[in-house]
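> Here you go, this is query-v7.pdb (PDB, C-alpha atoms, pLDDT in the B column).
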```pdb
ATOM      1  CA  MET A  30       0.000   0.000   0.000  1.00 45.00           C
ATOM      2  CA  GLN A  31       1.421   3.390  -1.000  1.00 52.00           C
ATOM      3  CA  LEU A  32       1.170   6.158   1.575  1.00 58.00           C
ATOM      4  CA  ASP A  33      -0.300   9.451   0.419  1.00 66.00           C
ATOM      5  CA  PRO A  34       2.127  12.410   0.618  1.00 71.00           C
ATOM      6  CA  THR A  35       0.865  13.726   3.977  1.00 80.00           C
ATOM      7  CA  ALA A  36       0.923  10.267   5.576  1.00 81.00           C
ATOM      8  CA  ARG A  37       4.373   9.613   4.085  1.00 82.00           C
ATOM      9  CA  ALA A  38       5.641  12.913   5.525  1.00 88.00           C
ATOM     10  CA  ALA A  39       4.228  12.092   8.960  1.00 87.00           C
ATOM     11  CA  ASN A  40       5.709   8.590   8.855  1.00 84.00           C
ATOM     12  CA  LEU A  41       9.083   9.998   7.812  1.00 86.00           C
ATOM     13  CA  GLN A  42       8.910  12.612  10.563  1.00 88.00           C
ATOM     14  CA  GLY A  43       8.245   9.826  13.083  1.00 88.00           C
ATOM     15  CA  THR A  44      11.219   7.845  11.821  1.00 87.00           C
ATOM     16  CA  VAL A  45      13.574  10.843  11.934  1.00 91.00           C
ATOM     17  CA  ALA A  46      12.323  11.798  15.399  1.00 88.00           C
ATOM     18  CA  ALA A  47      12.869   8.230  16.633  1.00 87.00           C
ATOM     19  CA  LEU A  48      16.423   8.251  15.280  1.00 88.00           C
ATOM     20  CA  SER A  49      16.952  11.607  17.011  1.00 87.00           C
ATOM     21  CA  LYS A  50      15.693  10.045  20.267  1.00 90.00           C
ATOM     22  CA  ASN A  51      12.667  12.371  20.385  1.00 88.00           C
ATOM     23  CA  SER A  52      10.141   9.715  21.402  1.00 89.00           C
ATOM     24  CA  ALA A  53       7.228  12.078  22.036  1.00 92.00           C
ATOM     25  CA  LEU A  54       7.447  13.645  18.572  1.00 90.00           C
ATOM     26  CA  SER A  55       8.008  10.244  16.994  1.00 90.00           C
ATOM     27  CA  GLN A  56       4.930   8.774  18.668  1.00 92.00           C
ATOM     28  CA  HIS A  57       2.822  11.781  17.681  1.00 92.00           C
ATOM     29  CA  ALA A  58       3.984  11.617  14.051  1.00 91.00           C
ATOM     30  CA  PHE A  59       3.324   7.879  13.764  1.00 91.00           C
ATOM     31  CA  ILE A  60      -0.174   8.325  15.209  1.00 92.00           C
ATOM     32  CA  VAL A  61      -0.846  11.105  12.682  1.00 92.00           C
ATOM     33  CA  ALA A  62       0.400   8.763   9.928  1.00 91.00           C
ATOM     34  CA  THR A  63      -1.938   5.962  11.094  1.00 90.00           C
ATOM     35  CA  ARG A  64      -4.886   8.352  10.854  1.00 90.00           C
ATOM     36  CA  ARG A  65      -3.909   9.611   7.398  1.00 87.00           C
ATOM     37  CA  ALA A  66      -3.092   6.200   5.944  1.00 84.00           C
ATOM     38  CA  VAL A  67      -5.914   4.058   7.256  1.00 83.00           C
ATOM     39  CA  LEU A  68      -5.160   1.221   4.809  1.00 86.00           C
ATOM     40  CA  SER A  69      -1.419   0.995   5.492  1.00 88.00           C
ATOM     41  CA  GLY A  70       0.230  -1.182   8.131  1.00 89.00           C
ATOM     42  CA  MET A  71       3.575   0.609   7.938  1.00 91.00           C
ATOM     43  CA  PRO A  72       2.825   3.461  10.380  1.00 93.00           C
ATOM     44  CA  TRP A  73       1.362   0.957  12.846  1.00 94.00           C
ATOM     45  CA  ALA A  74       4.470  -1.240  12.554  1.00 93.00           C
ATOM     46  CA  ASN A  75       6.721   1.790  13.057  1.00 93.00           C
ATOM     47  CA  LEU A  76       4.715   2.777  16.128  1.00 95.00           C
ATOM     48  CA  GLY A  77       5.060  -0.800  17.381  1.00 95.00           C
ATOM     49  CA  CYS A  78       8.836  -0.614  16.913  1.00 93.00           C
ATOM     50  CA  LEU A  79       8.937   2.599  18.918  1.00 94.00           C
ATOM     51  CA  PHE A  80       6.993   0.980  21.757  1.00 95.00           C
ATOM     52  CA  LEU A  81       9.154  -2.150  21.594  1.00 93.00           C
ATOM     53  CA  VAL A  82      12.392  -0.165  21.770  1.00 92.00           C
ATOM     54  CA  HIS A  83      11.065   1.598  24.867  1.00 93.00           C
ATOM     55  CA  GLY A  84      10.062  -1.669  26.517  1.00 92.00           C
ATOM     56  CA  ASP A  85       6.295  -1.259  26.314  1.00 94.00           C
ATOM     57  CA  ILE A  86       5.556  -4.772  25.115  1.00 93.00           C
ATOM     58  CA  GLU A  87       1.782  -4.504  25.532  1.00 94.00           C
ATOM     59  CA  LEU A  88       1.446  -1.373  23.384  1.00 95.00           C
ATOM     60  CA  ALA A  89       3.923  -2.793  20.861  1.00 95.00           C
ATOM     61  CA  ASN A  90       1.805  -5.933  20.615  1.00 93.00           C
ATOM     62  CA  LYS A  91      -1.347  -3.873  20.007  1.00 95.00           C
ATOM     63  CA  ALA A  92       0.335  -1.714  17.367  1.00 95.00           C
ATOM     64  CA  PHE A  93       1.760  -4.716  15.489  1.00 94.00           C
ATOM     65  CA  ALA A  94      -1.640  -6.431  15.654  1.00 93.00           C
ATOM     66  CA  ARG A  95      -3.198  -3.325  14.082  1.00 94.00           C
ATOM     67  CA  ALA A  96      -0.516  -3.416  11.378  1.00 93.00           C
ATOM     68  CA  GLN A  97      -1.485  -7.026  10.632  1.00 89.00           C
ATOM     69  CA  MET A  98      -5.207  -6.270  10.583  1.00 91.00           C
ATOM     70  CA  THR A  99      -4.796  -3.121   8.488  1.00 91.00           C
ATOM     71  CA  GLU A 100      -2.538  -4.667   5.870  1.00 90.00           C
ATOM     72  CA  PRO A 101      -2.214  -8.462   6.214  1.00 85.00           C
ATOM     73  CA  ASP A 102       0.317  -8.717   3.366  1.00 82.00           C
ATOM     74  CA  PHE A 103       2.714  -6.220   4.965  1.00 84.00           C
ATOM     75  CA  TYR A 104       5.331  -8.395   6.681  1.00 82.00           C
ATOM     76  CA  GLY A 105       6.324  -5.668   9.181  1.00 86.00           C
ATOM     77  CA  GLY A 106       3.336  -6.468  11.362  1.00 88.00           C
ATOM     78  CA  TRP A 107       4.192 -10.158  11.350  1.00 86.00           C
ATOM     79  CA  MET A 108       7.855  -9.467  12.094  1.00 86.00           C
ATOM     80  CA  GLY A 109       6.894  -7.188  14.968  1.00 90.00           C
ATOM     81  CA  GLN A 110       4.522  -9.791  16.403  1.00 89.00           C
ATOM     82  CA  ALA A 111       7.356 -12.346  16.243  1.00 87.00           C
ATOM     83  CA  LEU A 112       9.675  -9.996  18.135  1.00 88.00           C
ATOM     84  CA  VAL A 113       6.988  -9.345  20.756  1.00 92.00           C
ATOM     85  CA  ALA A 114       6.361 -13.088  21.125  1.00 89.00           C
ATOM     86  CA  GLU A 115      10.093 -13.587  21.548  1.00 85.00           C
ATOM     87  CA  CYS A 116      10.172 -10.962  24.317  1.00 86.00           C
ATOM     88  CA  MET A 117       7.333 -12.782  26.059  1.00 85.00           C
ATOM     89  CA  ASP A 118       8.950 -16.222  25.590  1.00 74.00           C
ATOM     90  CA  ALA A 119       5.901 -17.307  23.630  1.00 69.00           C
ATOM     91  CA  THR A 120       6.127 -20.467  21.588  1.00 75.00           C
ATOM     92  CA  GLU A 121       4.203 -18.973  18.647  1.00 81.00           C
ATOM     93  CA  CYS A 122       7.185 -16.847  17.619  1.00 82.00           C
ATOM     94  CA  VAL A 123       8.303 -19.728  15.356  1.00 83.00           C
ATOM     95  CA  ASP A 124       4.973 -19.579  13.533  1.00 84.00           C
ATOM     96  CA  LEU A 125       5.203 -15.796  13.241  1.00 84.00           C
ATOM     97  CA  TYR A 126       8.757 -15.910  11.874  1.00 84.00           C
ATOM     98  CA  GLU A 127       7.607 -18.610   9.461  1.00 84.00           C
ATOM     99  CA  ALA A 128       4.816 -16.288   8.283  1.00 81.00           C
ATOM    100  CA  CYS A 129       7.475 -13.636   7.602  1.00 80.00           C
ATOM    101  CA  LEU A 130       9.512 -16.090   5.548  1.00 82.00           C
ATOM    102  CA  ALA A 131       6.417 -17.112   3.590  1.00 77.00           C
ATOM    103  CA  HIS A 132       5.859 -13.575   2.279  1.00 71.00           C
ATOM    104  CA  GLU A 133       7.229 -13.122  -1.206  1.00 62.00           C
ATOM    105  CA  GLY A 134      10.327 -10.956  -1.286  1.00 60.00           C
ATOM    106  CA  VAL A 135      10.868 -10.990   2.471  1.00 60.00           C
ATOM    107  CA  ALA A 136      14.469 -11.816   3.158  1.00 59.00           C
ATOM    108  CA  THR A 137      15.508 -10.149   6.349  1.00 79.00           C
ATOM    109  CA  ASP A 138      18.303 -11.182   8.652  1.00 81.00           C
ATOM    110  CA  VAL A 139      15.987 -10.895  11.657  1.00 83.00           C
ATOM    111  CA  ALA A 140      13.409 -13.306  10.217  1.00 86.00           C
ATOM    112  CA  ASP A 141      16.021 -15.762   8.958  1.00 89.00           C
ATOM    113  CA  PHE A 142      18.022 -15.866  12.179  1.00 90.00           C
ATOM    114  CA  GLY A 143      14.955 -15.728  14.420  1.00 88.00           C
ATOM    115  CA  TYR A 144      13.257 -18.623  12.668  1.00 89.00           C
ATOM    116  CA  ALA A 145      16.390 -20.772  12.500  1.00 92.00           C
ATOM    117  CA  TYR A 146      17.244 -20.077  16.142  1.00 90.00           C
ATOM    118  CA  HIS A 147      13.804 -20.934  17.489  1.00 88.00           C
ATOM    119  CA  VAL A 148      13.547 -24.124  15.437  1.00 90.00           C
ATOM    120  CA  TRP A 149      16.974 -25.166  16.728  1.00 90.00           C
ATOM    121  CA  GLN A 150      15.897 -24.325  20.282  1.00 86.00           C
ATOM    122  CA  SER A 151      12.744 -26.454  19.970  1.00 84.00           C
ATOM    123  CA  LEU A 152      14.848 -29.339  18.623  1.00 84.00           C
ATOM    124  CA  ALA A 153      17.245 -28.987  21.564  1.00 81.00           C
ATOM    125  CA  VAL A 154      14.295 -29.306  23.960  1.00 78.00           C
ATOM    126  CA  LEU A 155      13.148 -32.437  22.127  1.00 74.00           C
ATOM    127  CA  ASP A 156      16.681 -33.870  22.385  1.00 74.00           C
ATOM    128  CA  ALA A 157      16.756 -33.196  26.121  1.00 76.00           C
ATOM    129  CA  GLU A 158      13.377 -34.879  26.597  1.00 73.00           C
ATOM    130  CA  ARG A 159      14.540 -37.843  24.545  1.00 72.00           C
ATOM    131  CA  ALA A 160      17.718 -38.164  26.618  1.00 70.00           C
ATOM    132  CA  LEU A 161      15.766 -38.067  29.882  1.00 72.00           C
ATOM    133  CA  SER A 162      13.291 -40.718  28.746  1.00 72.00           C
ATOM    134  CA  HIS A 163      16.012 -42.894  27.175  1.00 72.00           C
ATOM    135  CA  THR A 164      13.958 -43.244  24.017  1.00 72.00           C
ATOM    136  CA  GLU A 165      14.755 -42.628  20.421  1.00 71.00           C
ATOM    137  CA  ARG A 166      12.449 -40.139  18.808  1.00 69.00           C
ATOM    138  CA  VAL A 167      11.995 -39.579  15.102  1.00 74.00           C
ATOM    139  CA  LEU A 168      11.056 -36.086  13.958  1.00 77.00           C
ATOM    140  CA  SER A 169       7.496 -35.678  12.750  1.00 82.00           C
ATOM    141  CA  HIS A 170       6.812 -34.575   9.184  1.00 85.00           C
ATOM    142  CA  THR A 171       6.110 -31.009  10.407  1.00 84.00           C
ATOM    143  CA  GLU A 172       9.328 -30.945  12.447  1.00 83.00           C
ATOM    144  CA  GLN A 173      11.324 -32.206   9.447  1.00 88.00           C
ATOM    145  CA  ASN A 174       9.847 -29.481   7.234  1.00 89.00           C
ATOM    146  CA  ARG A 175      10.620 -26.836   9.840  1.00 88.00           C
ATOM    147  CA  LEU A 176      14.183 -28.134  10.125  1.00 91.00           C
ATOM    148  CA  LEU A 177      14.690 -27.913   6.354  1.00 91.00           C
ATOM    149  CA  LEU A 178      13.297 -24.367   6.243  1.00 91.00           C
ATOM    150  CA  ALA A 179      15.494 -23.453   9.227  1.00 93.00           C
ATOM    151  CA  VAL A 180      18.598 -24.752   7.421  1.00 94.00           C
ATOM    152  CA  TYR A 181      17.630 -22.706   4.362  1.00 92.00           C
ATOM    153  CA  ALA A 182      17.028 -19.590   6.504  1.00 90.00           C
ATOM    154  CA  ALA A 183      20.331 -20.035   8.357  1.00 92.00           C
ATOM    155  CA  ARG A 184      22.224 -20.478   5.065  1.00 93.00           C
ATOM    156  CA  ARG A 185      20.599 -17.351   3.689  1.00 90.00           C
ATOM    157  CA  TYR A 186      21.444 -15.464   6.896  1.00 90.00           C
ATOM    158  CA  VAL A 187      25.103 -16.528   6.723  1.00 91.00           C
ATOM    159  CA  SER A 188      25.386 -15.638   3.028  1.00 89.00           C
ATOM    160  CA  ARG A 189      23.848 -12.155   3.459  1.00 84.00           C
ATOM    161  CA  SER A 190      25.028 -10.957   6.841  1.00 81.00           C
ATOM    162  CA  SER A 191      28.516 -10.173   8.023  1.00 81.00           C
ATOM    163  CA  ASP A 192      28.077 -12.666  10.931  1.00 77.00           C
ATOM    164  CA  VAL A 193      31.055 -11.103  12.708  1.00 78.00           C
ATOM    165  CA  HIS A 194      30.619 -13.160  15.862  1.00 84.00           C
ATOM    166  CA  GLY A 195      29.930 -16.429  14.045  1.00 88.00           C
ATOM    167  CA  ALA A 196      26.505 -17.032  15.593  1.00 90.00           C
ATOM    168  CA  GLY A 197      24.952 -17.730  12.201  1.00 89.00           C
ATOM    169  CA  HIS A 198      27.647 -20.227  11.258  1.00 92.00           C
ATOM    170  CA  TYR A 199      27.316 -21.963  14.616  1.00 92.00           C
ATOM    171  CA  LEU A 200      23.531 -22.092  14.279  1.00 91.00           C
ATOM    172  CA  LEU A 201      23.780 -23.448  10.741  1.00 92.00           C
ATOM    173  CA  GLY A 202      26.183 -26.146  11.946  1.00 93.00           C
ATOM    174  CA  MET A 203      23.848 -27.185  14.746  1.00 91.00           C
ATOM    175  CA  LEU A 204      20.889 -27.378  12.356  1.00 93.00           C
ATOM    176  CA  LEU A 205      22.890 -29.389   9.815  1.00 92.00           C
ATOM    177  CA  GLU A 206      23.913 -31.786  12.589  1.00 88.00           C
ATOM    178  CA  HIS A 207      20.212 -32.344  13.353  1.00 83.00           C
ATOM    179  CA  ASN A 208      19.522 -32.809   9.660  1.00 75.00           C
ATOM    180  CA  GLY A 209      21.975 -35.676   9.535  1.00 70.00           C
TER     181      GLY A 209
END
```
I need this file expressed as structure tokens, please.

Amino acid sequence: MQLDPTARAANLQGTVAALSKNSALSQHAFIVATRRAVLSGMPWANLGCLFLVHGDIELANKAFARAQMTEPDFYGGWMGQALVAECMDATECVDLYEACLAHEGVATDVADFGYAYHVWQSLAVLDAERALSHTERVLSHTEQNRLLLAVYAARRYVSRSSDVHGAGHYLLGMLLEHNG
């Protein structure tokens, strides 16, 4: 959805104000943008980011939900919801990151790493449960598909990002080890 010129200006003002650490002006500008661009999820997602950066998880969650409702095809709302879920230790963050990866043209480091990390984490929990019960467990069809998508996402993350600290390479190695 294209923003009209006044909504675009308000959204830009909110972004510049946020970068300048003027939270009050940023919040005001994003709210103006949401009122002027009623069919766009971008101002809502930007407002959600502002709330998330300032630690207001509840308001961030509401803003990202509005971004999703306003413009379901705009991945920013889905990405924001995944970040909120991650802050709340919610298990649905894997599904939300997967929704981000399913959008055509979405190839962000955050979605790739977030998805791969949370799939690896869920597999580590399964391994721990298997070790405690002394049973061998085969991955379900859904878990196998998630593992393959996680390997793809981790490879894409490693190829696109600088990965200075090697976290992406380590994560990719752990996922490949699970893949056999």
> A:Gln56, A:Gln150, A:Thr44, A:Ser188: which is nearest A:Asp118, counting only C-alpha atoms?
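Distance minimum relative to A:Asp118 lands on A:Gln150.
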> Using the chain letters and residue numbers of this document, give as a VMD selection string the residues selected by the PyMOL selection byres ((chain A and resi 184) around 12).
chain A and resid 136 138 141 to 142 144 to 145 177 to 183 185 to 190 192 196 to 205
> To one decimal place in Å, what is the distance between atom CA of A:Ala94 and atom CA of A:Ala111?
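Answer for the atom CA of A:Ala94 to atom CA of A:Ala111 separation: 10.8 Å.
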> Would you mind reading off the distance between atom CA of A:Ser55 and atom CA of A:Ala114, one decimal, in Å?
23.8 Å
> Report as a list in words the full result of the PyMOL selection byres ((chain A and resi 131) around 12) when it is applied to this structure.
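Selected by the PyMOL selection byres ((chain A and resi 131) around 12) here: Asp102, Phe103, Tyr104, Trp107, Met108, Asp124, Leu125, Tyr126, Glu127, Ala128, Cys129, Leu130, His132, Glu133, Gly134, Val135, Ala136, Thr137, Ala140, Asp141, Tyr144, Leu178 and Ala182 of chain A.
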> Counting only C-alpha atoms, find residues at most 10 Å from (5.8, 11.0, 9.1) (file frame) and give them as a list in words.
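Looking at atoms near the point gives Pro34, Thr35, Ala36, Arg37, Ala38, Ala39, Asn40, Leu41, Gln42, Gly43, Thr44, Val45, Ala46, Leu54, Ser55, Gln56, His57, Ala58, Phe59, Ile60, Val61, Ala62, Thr63, Arg65 and Pro72 of chain A.
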> Go ahead and dump the residues you just picked, C-alpha atoms, as a PDB file, in the frame of the given file.

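Generated output (result.pdb):
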```pdb
ATOM      1  CA  PRO A  34       2.127  12.410   0.618  1.00 71.00           C
ATOM      2  CA  THR A  35       0.865  13.726   3.977  1.00 80.00           C
ATOM      3  CA  ALA A  36       0.923  10.267   5.576  1.00 81.00           C
ATOM      4  CA  ARG A  37       4.373   9.613   4.085  1.00 82.00           C
ATOM      5  CA  ALA A  38       5.641  12.913   5.525  1.00 88.00           C
ATOM      6  CA  ALA A  39       4.228  12.092   8.960  1.00 87.00           C
ATOM      7  CA  ASN A  40       5.709   8.590   8.855  1.00 84.00           C
ATOM      8  CA  LEU A  41       9.083   9.998   7.812  1.00 86.00           C
ATOM      9  CA  GLN A  42       8.910  12.612  10.563  1.00 88.00           C
ATOM     10  CA  GLY A  43       8.245   9.826  13.083  1.00 88.00           C
ATOM     11  CA  THR A  44      11.219   7.845  11.821  1.00 87.00           C
ATOM     12  CA  VAL A  45      13.574  10.843  11.934  1.00 91.00           C
ATOM     13  CA  ALA A  46      12.323  11.798  15.399  1.00 88.00           C
ATOM     14  CA  LEU A  54       7.447  13.645  18.572  1.00 90.00           C
ATOM     15  CA  SER A  55       8.008  10.244  16.994  1.00 90.00           C
ATOM     16  CA  GLN A  56       4.930   8.774  18.668  1.00 92.00           C
ATOM     17  CA  HIS A  57       2.822  11.781  17.681  1.00 92.00           C
ATOM     18  CA  ALA A  58       3.984  11.617  14.051  1.00 91.00           C
ATOM     19  CA  PHE A  59       3.324   7.879  13.764  1.00 91.00           C
ATOM     20  CA  ILE A  60      -0.174   8.325  15.209  1.00 92.00           C
ATOM     21  CA  VAL A  61      -0.846  11.105  12.682  1.00 92.00           C
ATOM     22  CA  ALA A  62       0.400   8.763   9.928  1.00 91.00           C
ATOM     23  CA  THR A  63      -1.938   5.962  11.094  1.00 90.00           C
ATOM     24  CA  ARG A  65      -3.909   9.611   7.398  1.00 87.00           C
ATOM     25  CA  PRO A  72       2.825   3.461  10.380  1.00 93.00           C
TER      26      PRO A  72
END
```
> Pick out the closest residue to A:Gly109 from this set: A:Leu88, A:Leu155, A:Ala74, A:Val123. Count all atoms listed in the file.
A:Ala74
> Under the PyMOL selection byres ((chain A and resi 164-172) around 12), which residues of this model are included? Write them out as a ChimeraX atom specification.
/A:123-124,148-149,151-152,155-163,173-179,207-209
> For atom CA of A:Arg64 and atom CA of A:Cys116, quote the distance in Å rounded to one decimal.
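We find that atom CA of A:Arg64 and atom CA of A:Cys116 lie 27.9 Å from each other.
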> Edge lengths and centre in Å to one decimal, as JSON, is what I'm after for the box along x, y and z that holds all listed atoms of stretch 137-155 of chain A once 5 Å is added on each side.

```
{"center_x": 15.5, "center_y": -21.3, "center_z": 15.2, "size_x": 15.6, "size_y": 32.3, "size_z": 27.6}
```
> Can you work out which one of A:Glu121, A:Val113, A:Ser69, A:Leu79 has the shortest atom-to-atom distance to A:Ala53, counting all atoms listed in the file?
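Closest candidate: A:Leu79.
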> With distances taken over all atoms listed in the file, which residue among A:Ala89, A:Leu81, A:Cys122, A:Ala96 lies nearest A:Leu68?
A:Ala96
